[in-house]
Structure formats: structure tokens, C-alpha cells
>>> print(open('upload-v4.pdb').read())   # PDB, C-alpha atoms
ATOM      1  CA  MET A1457      62.868  14.179 -58.714  1.00  0.00           C
ATOM      2  CA  ALA A1458      66.348  15.428 -59.595  1.00  0.00           C
ATOM      3  CA  LEU A1459      64.879  18.618 -61.054  1.00  0.00           C
ATOM      4  CA  GLY A1460      63.029  19.320 -57.807  1.00  0.00           C
ATOM      5  CA  LEU A1461      66.226  18.897 -55.814  1.00  0.00           C
ATOM      6  CA  PHE A1462      68.067  21.185 -58.219  1.00  0.00           C
ATOM      7  CA  ILE A1463      65.387  23.859 -57.860  1.00  0.00           C
ATOM      8  CA  LEU A1464      65.502  23.568 -54.070  1.00  0.00           C
ATOM      9  CA  LEU A1465      69.297  23.869 -53.964  1.00  0.00           C
ATOM     10  CA  PHE A1466      69.240  26.773 -56.418  1.00  0.00           C
ATOM     11  CA  GLY A1467      66.668  28.526 -54.252  1.00  0.00           C
ATOM     12  CA  ILE A1468      68.765  28.057 -51.127  1.00  0.00           C
ATOM     13  CA  VAL A1469      71.905  29.366 -52.851  1.00  0.00           C
ATOM     14  CA  ALA A1470      70.009  32.334 -54.309  1.00  0.00           C
ATOM     15  CA  LEU A1471      68.538  33.186 -50.906  1.00  0.00           C
ATOM     16  CA  ALA A1472      71.977  32.953 -49.263  1.00  0.00           C
ATOM     17  CA  GLY A1473      73.464  35.211 -51.958  1.00  0.00           C
ATOM     18  CA  PHE A1474      70.682  37.746 -51.473  1.00  0.00           C
ATOM     19  CA  ALA A1475      71.187  37.686 -47.689  1.00  0.00           C
ATOM     20  CA  PHE A1476      74.934  38.238 -48.169  1.00  0.00           C
ATOM     21  CA  TRP A1477      74.222  41.170 -50.516  1.00  0.00           C
ATOM     22  CA  ILE A1478      71.868  42.771 -47.974  1.00  0.00           C
ATOM     23  CA  TRP A1479      74.367  42.211 -45.139  1.00  0.00           C
ATOM     24  CA  SER A1480      77.224  43.871 -47.044  1.00  0.00           C
ATOM     25  CA  LEU A1481      75.019  46.815 -48.014  1.00  0.00           C
ATOM     26  CA  VAL A1482      73.847  47.346 -44.424  1.00  0.00           C
ATOM     27  CA  ASP A1483      77.428  46.961 -43.158  1.00  0.00           C
ATOM     28  CA  ALA A1484      78.676  49.645 -45.556  1.00  0.00           C
ATOM     29  CA  ILE A1485      75.824  52.054 -44.798  1.00  0.00           C
ATOM     30  CA  GLN A1486      76.098  51.763 -41.014  1.00  0.00           C
ATOM     31  CA  ARG A1487      79.821  52.442 -40.806  1.00  0.00           C
ATOM     32  CA  PRO A1488      80.593  56.003 -39.648  1.00  0.00           C
ATOM     33  CA  ASP A1489      81.924  58.458 -42.220  1.00  0.00           C
ATOM     34  CA  ALA A1490      85.041  59.050 -40.094  1.00  0.00           C
ATOM     35  CA  GLU A1491      85.942  55.364 -40.395  1.00  0.00           C
ATOM     36  CA  TRP A1492      85.685  55.583 -44.181  1.00  0.00           C
ATOM     37  CA  GLU A1493      87.862  58.709 -44.249  1.00  0.00           C
ATOM     38  CA  GLN A1494      90.490  57.136 -42.012  1.00  0.00           C
ATOM     39  CA  ALA A1495      90.591  54.091 -44.300  1.00  0.00           C
ATOM     40  CA  GLY A1496      90.990  56.341 -47.335  1.00  0.00           C
ATOM     41  CA  GLN A1497      87.826  54.991 -48.941  1.00  0.00           C
ATOM     42  CA  ASN A1498      84.694  56.649 -50.328  1.00  0.00           C
ATOM     43  CA  LYS A1499      81.481  55.428 -48.719  1.00  0.00           C
ATOM     44  CA  LEU A1500      79.183  56.459 -51.581  1.00  0.00           C
ATOM     45  CA  ILE A1501      81.342  54.750 -54.200  1.00  0.00           C
ATOM     46  CA  TRP A1502      81.360  51.474 -52.272  1.00  0.00           C
ATOM     47  CA  ILE A1503      77.608  51.583 -51.694  1.00  0.00           C
ATOM     48  CA  LEU A1504      77.134  52.084 -55.446  1.00  0.00           C
ATOM     49  CA  VAL A1505      79.513  49.194 -56.171  1.00  0.00           C
ATOM     50  CA  ILE A1506      77.498  46.907 -53.903  1.00  0.00           C
ATOM     51  CA  VAL A1507      74.127  48.027 -55.280  1.00  0.00           C
ATOM     52  CA  LEU A1508      75.001  48.099 -58.975  1.00  0.00           C
ATOM     53  CA  ILE A1509      77.244  45.042 -59.220  1.00  0.00           C
ATOM     54  CA  GLY A1510      75.235  42.965 -56.740  1.00  0.00           C
ATOM     55  CA  PHE A1511      76.688  39.776 -55.324  1.00  0.00           C
ATOM     56  CA  ILE A1512      80.062  40.295 -57.030  1.00  0.00           C
ATOM     57  CA  GLY A1513      80.184  43.847 -55.641  1.00  0.00           C
ATOM     58  CA  SER A1514      79.560  42.428 -52.176  1.00  0.00           C
ATOM     59  CA  ILE A1515      82.470  40.021 -52.554  1.00  0.00           C
ATOM     60  CA  ILE A1516      84.729  42.847 -53.751  1.00  0.00           C
ATOM     61  CA  TYR A1517      83.644  44.962 -50.764  1.00  0.00           C
ATOM     62  CA  LEU A1518      84.352  42.074 -48.402  1.00  0.00           C
ATOM     63  CA  LEU A1519      87.826  41.472 -49.833  1.00  0.00           C
ATOM     64  CA  VAL A1520      88.974  45.039 -50.521  1.00  0.00           C
ATOM     65  CA  ALA A1521      87.228  47.715 -48.455  1.00  0.00           C
ATOM     66  CA  ARG A1522      86.126  45.897 -45.313  1.00  0.00           C
ATOM     67  CA  PRO A1523      89.627  44.870 -44.143  1.00  0.00           C
ATOM     68  CA  GLN A1524      90.780  48.484 -44.539  1.00  0.00           C
ATOM     69  CA  LEU A1525      87.742  49.687 -42.610  1.00  0.00           C
ATOM     70  CA  GLU A1526      88.401  47.190 -39.832  1.00  0.00           C
ATOM     71  CA  ASP A1527      92.017  48.381 -39.594  1.00  0.00           C
ATOM     72  CA  ALA A1528      90.820  51.998 -39.453  1.00  0.00           C
ATOM     73  CA  LYS A1529      88.328  51.051 -36.743  1.00  0.00           C
ATOM     74  CA  ARG A1530      91.146  49.557 -34.649  1.00  0.00           C
ATOM     75  CA  GLY A1531      93.285  52.614 -35.332  1.00  0.00           C
ATOM     76  CA  LEU A1532      95.997  50.877 -37.363  1.00  0.00           C
TER      77      LEU A1532
END
>>> encode(input="upload-v4.pdb", output="C-alpha cells")
Amino acid sequence: MALGLFILLFGIVALAGFAFWIWSLVDAIQRPDAEWEQAGQNKLIWILVIVLIGFIGSIIYLLVARPQLEDAKRGL
């Protein structure tokens, strides 16, 4: 019984991690090149970071690049 619950919880966490990875990849791809340039970031490098490092790359993107992109989007 406990093993079944563990497998269910692991599955839910894995699915959530995969969804987060897909979301960050789509977010990076859909941002205009001008926004990346204004933020001083390289779009291709960040896409590779997300794809190659996976979930950890998505977290790094969320913490490092995305705030700079949001500031560039607002014109700060």
C-alpha cells in the first residue's frame, strides 16, 4: 500500500516537473528576439540550457534570465 502511494506521488511530481520544463522551453522560444537583445541575453544559449540540463535548466532560466526579460519587456 505504501509503495503504491509512493509511486503515485512520484508520478505526480515527475509530471509536474515535465510540465514546468515544457512551459519554460515554450516561454523562452516564444519571446521576441528584440526582448532578448534588450535584456543582454542570448536566446539560443538559454534554449540549449533548458533542453540539455532539463528541470534544473528550467529553474535557472526562471531565476536568472526570465526576470531580466520581464524588465526588458517593461522597458526598464
>>> closest_residue(input="upload-v4.pdb", among="A:Leu1481, A:Met1457, A:Ala1472, A:Leu1519", to="Ile1501 of chain A", atoms="all atoms listed in the file")
A:Leu1481
>>> residues_around(input="upload-v4.pdb", residues="Gln1524 of chain A", least_positions_apart="5", cutoff="12 Å", atoms="only C-alpha atoms", output="PyMOL selection string")
chain A and resi 1491-1498+1517-1519+1529-1532
>>> closest_residue(input="upload-v4.pdb", among="A:Leu1500, A:Ala1490, A:Ala1484, A:Ala1458", to="Ser1514 of chain A", atoms="only C-alpha atoms")
A:Ala1484
>>> closest_residue(input="upload-v4.pdb", among="A:Gly1460, A:Trp1502, A:Leu1471, A:Phe1466", to="Asp1483 of chain A", atoms="all atoms listed in the file")
A:Trp1502
>>> closest_residue(input="upload-v4.pdb", among="A:Ala1528, A:Phe1474, A:Asp1489, A:Arg1522", to="Gly1510 of chain A", atoms="only C-alpha atoms")
A:Phe1474
>>> decode(input="upload-v4.pdb", residues="segment 1463-1506 of chain A", atoms="N, CA and C atoms", output="PDB file, in the first residue's frame")
ATOM      1  N   ILE A1463       4.590   5.520  -5.502  1.00  0.00           N
ATOM      2  CA  ILE A1463       4.633   5.542  -6.972  1.00  0.00           C
ATOM      3  C   ILE A1463       3.686   6.606  -7.512  1.00  0.00           C
ATOM      4  N   LEU A1464       2.520   6.733  -6.936  1.00  0.00           N
ATOM      5  CA  LEU A1464       1.560   7.749  -7.361  1.00  0.00           C
ATOM      6  C   LEU A1464       2.123   9.157  -7.140  1.00  0.00           C
ATOM      7  N   LEU A1465       2.668   9.408  -5.970  1.00  0.00           N
ATOM      8  CA  LEU A1465       3.240  10.725  -5.681  1.00  0.00           C
ATOM      9  C   LEU A1465       4.432  11.022  -6.577  1.00  0.00           C
ATOM     10  N   PHE A1466       5.276  10.027  -6.804  1.00  0.00           N
ATOM     11  CA  PHE A1466       6.422  10.199  -7.695  1.00  0.00           C
ATOM     12  C   PHE A1466       5.953  10.533  -9.107  1.00  0.00           C
ATOM     13  N   GLY A1467       4.926   9.869  -9.557  1.00  0.00           N
ATOM     14  CA  GLY A1467       4.369  10.134 -10.882  1.00  0.00           C
ATOM     15  C   GLY A1467       3.831  11.551 -11.010  1.00  0.00           C
ATOM     16  N   ILE A1468       3.145  12.000  -9.973  1.00  0.00           N
ATOM     17  CA  ILE A1468       2.598  13.363  -9.981  1.00  0.00           C
ATOM     18  C   ILE A1468       3.720  14.393 -10.002  1.00  0.00           C
ATOM     19  N   VAL A1469       4.743  14.190  -9.188  1.00  0.00           N
ATOM     20  CA  VAL A1469       5.882  15.113  -9.148  1.00  0.00           C
ATOM     21  C   VAL A1469       6.633  15.101 -10.481  1.00  0.00           C
ATOM     22  N   ALA A1470       6.823  13.930 -11.053  1.00  0.00           N
ATOM     23  CA  ALA A1470       7.513  13.827 -12.345  1.00  0.00           C
ATOM     24  C   ALA A1470       6.717  14.525 -13.435  1.00  0.00           C
ATOM     25  N   LEU A1471       5.413  14.355 -13.439  1.00  0.00           N
ATOM     26  CA  LEU A1471       4.562  15.007 -14.436  1.00  0.00           C
ATOM     27  C   LEU A1471       4.595  16.527 -14.265  1.00  0.00           C
ATOM     28  N   ALA A1472       4.567  16.999 -13.032  1.00  0.00           N
ATOM     29  CA  ALA A1472       4.642  18.442 -12.772  1.00  0.00           C
ATOM     30  C   ALA A1472       5.992  19.000 -13.222  1.00  0.00           C
ATOM     31  N   GLY A1473       7.069  18.281 -12.969  1.00  0.00           N
ATOM     32  CA  GLY A1473       8.397  18.708 -13.407  1.00  0.00           C
ATOM     33  C   GLY A1473       8.501  18.763 -14.920  1.00  0.00           C
ATOM     34  N   PHE A1474       7.919  17.771 -15.589  1.00  0.00           N
ATOM     35  CA  PHE A1474       7.922  17.760 -17.050  1.00  0.00           C
ATOM     36  C   PHE A1474       7.110  18.929 -17.597  1.00  0.00           C
ATOM     37  N   ALA A1475       5.959  19.207 -17.003  1.00  0.00           N
ATOM     38  CA  ALA A1475       5.123  20.328 -17.431  1.00  0.00           C
ATOM     39  C   ALA A1475       5.865  21.657 -17.238  1.00  0.00           C
ATOM     40  N   PHE A1476       6.573  21.794 -16.132  1.00  0.00           N
ATOM     41  CA  PHE A1476       7.356  23.008 -15.879  1.00  0.00           C
ATOM     42  C   PHE A1476       8.469  23.162 -16.914  1.00  0.00           C
ATOM     43  N   TRP A1477       9.123  22.056 -17.266  1.00  0.00           N
ATOM     44  CA  TRP A1477      10.184  22.068 -18.273  1.00  0.00           C
ATOM     45  C   TRP A1477       9.627  22.514 -19.626  1.00  0.00           C
ATOM     46  N   ILE A1478       8.497  21.955 -20.019  1.00  0.00           N
ATOM     47  CA  ILE A1478       7.860  22.334 -21.290  1.00  0.00           C
ATOM     48  C   ILE A1478       7.463  23.802 -21.261  1.00  0.00           C
ATOM     49  N   TRP A1479       6.874  24.269 -20.156  1.00  0.00           N
ATOM     50  CA  TRP A1479       6.451  25.663 -20.053  1.00  0.00           C
ATOM     51  C   TRP A1479       7.639  26.612 -20.217  1.00  0.00           C
ATOM     52  N   SER A1480       8.747  26.317 -19.544  1.00  0.00           N
ATOM     53  CA  SER A1480       9.910  27.212 -19.627  1.00  0.00           C
ATOM     54  C   SER A1480      10.496  27.198 -21.032  1.00  0.00           C
ATOM     55  N   LEU A1481      10.502  26.054 -21.678  1.00  0.00           N
ATOM     56  CA  LEU A1481      11.013  25.974 -23.051  1.00  0.00           C
ATOM     57  C   LEU A1481      10.134  26.776 -24.003  1.00  0.00           C
ATOM     58  N   VAL A1482       8.836  26.622 -23.902  1.00  0.00           N
ATOM     59  CA  VAL A1482       7.903  27.379 -24.753  1.00  0.00           C
ATOM     60  C   VAL A1482       8.016  28.870 -24.462  1.00  0.00           C
ATOM     61  N   ASP A1483       8.137  29.238 -23.193  1.00  0.00           N
ATOM     62  CA  ASP A1483       8.275  30.650 -22.820  1.00  0.00           C
ATOM     63  C   ASP A1483       9.521  31.257 -23.459  1.00  0.00           C
ATOM     64  N   ALA A1484      10.624  30.545 -23.416  1.00  0.00           N
ATOM     65  CA  ALA A1484      11.878  31.053 -23.990  1.00  0.00           C
ATOM     66  C   ALA A1484      11.788  31.158 -25.512  1.00  0.00           C
ATOM     67  N   ILE A1485      11.192  30.180 -26.150  1.00  0.00           N
ATOM     68  CA  ILE A1485      11.103  30.171 -27.614  1.00  0.00           C
ATOM     69  C   ILE A1485      10.191  31.280 -28.114  1.00  0.00           C
ATOM     70  N   GLN A1486       9.096  31.530 -27.431  1.00  0.00           N
ATOM     71  CA  GLN A1486       8.103  32.493 -27.919  1.00  0.00           C
ATOM     72  C   GLN A1486       8.481  33.951 -27.685  1.00  0.00           C
ATOM     73  N   ARG A1487       9.457  34.208 -26.851  1.00  0.00           N
ATOM     74  CA  ARG A1487       9.837  35.598 -26.612  1.00  0.00           C
ATOM     75  C   ARG A1487      10.541  36.167 -27.836  1.00  0.00           C
ATOM     76  N   PRO A1488      10.194  37.404 -28.220  1.00  0.00           N
ATOM     77  CA  PRO A1488      10.808  38.016 -29.410  1.00  0.00           C
ATOM     78  C   PRO A1488      12.317  38.221 -29.236  1.00  0.00           C
ATOM     79  N   ASP A1489      13.031  38.129 -30.340  1.00  0.00           N
ATOM     80  CA  ASP A1489      14.484  38.304 -30.312  1.00  0.00           C
ATOM     81  C   ASP A1489      14.886  39.674 -29.772  1.00  0.00           C
ATOM     82  N   ALA A1490      14.094  40.705 -30.070  1.00  0.00           N
ATOM     83  CA  ALA A1490      14.404  42.054 -29.593  1.00  0.00           C
ATOM     84  C   ALA A1490      14.396  42.113 -28.066  1.00  0.00           C
ATOM     85  N   GLU A1491      13.500  41.378 -27.449  1.00  0.00           N
ATOM     86  CA  GLU A1491      13.422  41.337 -25.987  1.00  0.00           C
ATOM     87  C   GLU A1491      14.686  40.708 -25.401  1.00  0.00           C
ATOM     88  N   TRP A1492      15.168  39.658 -26.044  1.00  0.00           N
ATOM     89  CA  TRP A1492      16.399  39.004 -25.611  1.00  0.00           C
ATOM     90  C   TRP A1492      17.583  39.956 -25.750  1.00  0.00           C
ATOM     91  N   GLU A1493      17.650  40.663 -26.873  1.00  0.00           N
ATOM     92  CA  GLU A1493      18.753  41.604 -27.098  1.00  0.00           C
ATOM     93  C   GLU A1493      18.735  42.725 -26.072  1.00  0.00           C
ATOM     94  N   GLN A1494      17.550  43.252 -25.803  1.00  0.00           N
ATOM     95  CA  GLN A1494      17.429  44.346 -24.837  1.00  0.00           C
ATOM     96  C   GLN A1494      17.832  43.877 -23.433  1.00  0.00           C
ATOM     97  N   ALA A1495      17.582  42.622 -23.123  1.00  0.00           N
ATOM     98  CA  ALA A1495      17.953  42.084 -21.816  1.00  0.00           C
ATOM     99  C   ALA A1495      19.428  41.697 -21.763  1.00  0.00           C
ATOM    100  N   GLY A1496      20.095  41.714 -22.907  1.00  0.00           N
ATOM    101  CA  GLY A1496      21.504  41.342 -22.943  1.00  0.00           C
ATOM    102  C   GLY A1496      21.720  39.841 -22.810  1.00  0.00           C
ATOM    103  N   GLN A1497      20.758  39.068 -23.244  1.00  0.00           N
ATOM    104  CA  GLN A1497      20.823  37.613 -23.146  1.00  0.00           C
ATOM    105  C   GLN A1497      20.812  36.996 -24.540  1.00  0.00           C
ATOM    106  N   ASN A1498      21.263  35.742 -24.629  1.00  0.00           N
ATOM    107  CA  ASN A1498      21.295  35.022 -25.892  1.00  0.00           C
ATOM    108  C   ASN A1498      20.210  33.948 -25.879  1.00  0.00           C
ATOM    109  N   LYS A1499      19.252  34.089 -26.774  1.00  0.00           N
ATOM    110  CA  LYS A1499      18.107  33.179 -26.816  1.00  0.00           C
ATOM    111  C   LYS A1499      18.542  31.729 -27.047  1.00  0.00           C
ATOM    112  N   LEU A1500      19.410  31.498 -28.012  1.00  0.00           N
ATOM    113  CA  LEU A1500      19.830  30.139 -28.338  1.00  0.00           C
ATOM    114  C   LEU A1500      20.528  29.466 -27.152  1.00  0.00           C
ATOM    115  N   ILE A1501      21.383  30.210 -26.476  1.00  0.00           N
ATOM    116  CA  ILE A1501      22.083  29.648 -25.319  1.00  0.00           C
ATOM    117  C   ILE A1501      21.086  29.217 -24.250  1.00  0.00           C
ATOM    118  N   TRP A1502      20.104  30.049 -23.960  1.00  0.00           N
ATOM    119  CA  TRP A1502      19.138  29.715 -22.916  1.00  0.00           C
ATOM    120  C   TRP A1502      18.252  28.543 -23.319  1.00  0.00           C
ATOM    121  N   ILE A1503      17.901  28.456 -24.586  1.00  0.00           N
ATOM    122  CA  ILE A1503      17.115  27.306 -25.043  1.00  0.00           C
ATOM    123  C   ILE A1503      17.938  26.026 -24.870  1.00  0.00           C
ATOM    124  N   LEU A1504      19.225  26.088 -25.213  1.00  0.00           N
ATOM    125  CA  LEU A1504      20.093  24.923 -25.021  1.00  0.00           C
ATOM    126  C   LEU A1504      20.243  24.562 -23.542  1.00  0.00           C
ATOM    127  N   VAL A1505      20.343  25.572 -22.688  1.00  0.00           N
ATOM    128  CA  VAL A1505      20.430  25.317 -21.244  1.00  0.00           C
ATOM    129  C   VAL A1505      19.184  24.573 -20.768  1.00  0.00           C
ATOM    130  N   ILE A1506      18.028  25.026 -21.198  1.00  0.00           N
ATOM    131  CA  ILE A1506      16.772  24.398 -20.778  1.00  0.00           C
ATOM    132  C   ILE A1506      16.680  22.969 -21.314  1.00  0.00           C
TER     133      ILE A1506
END
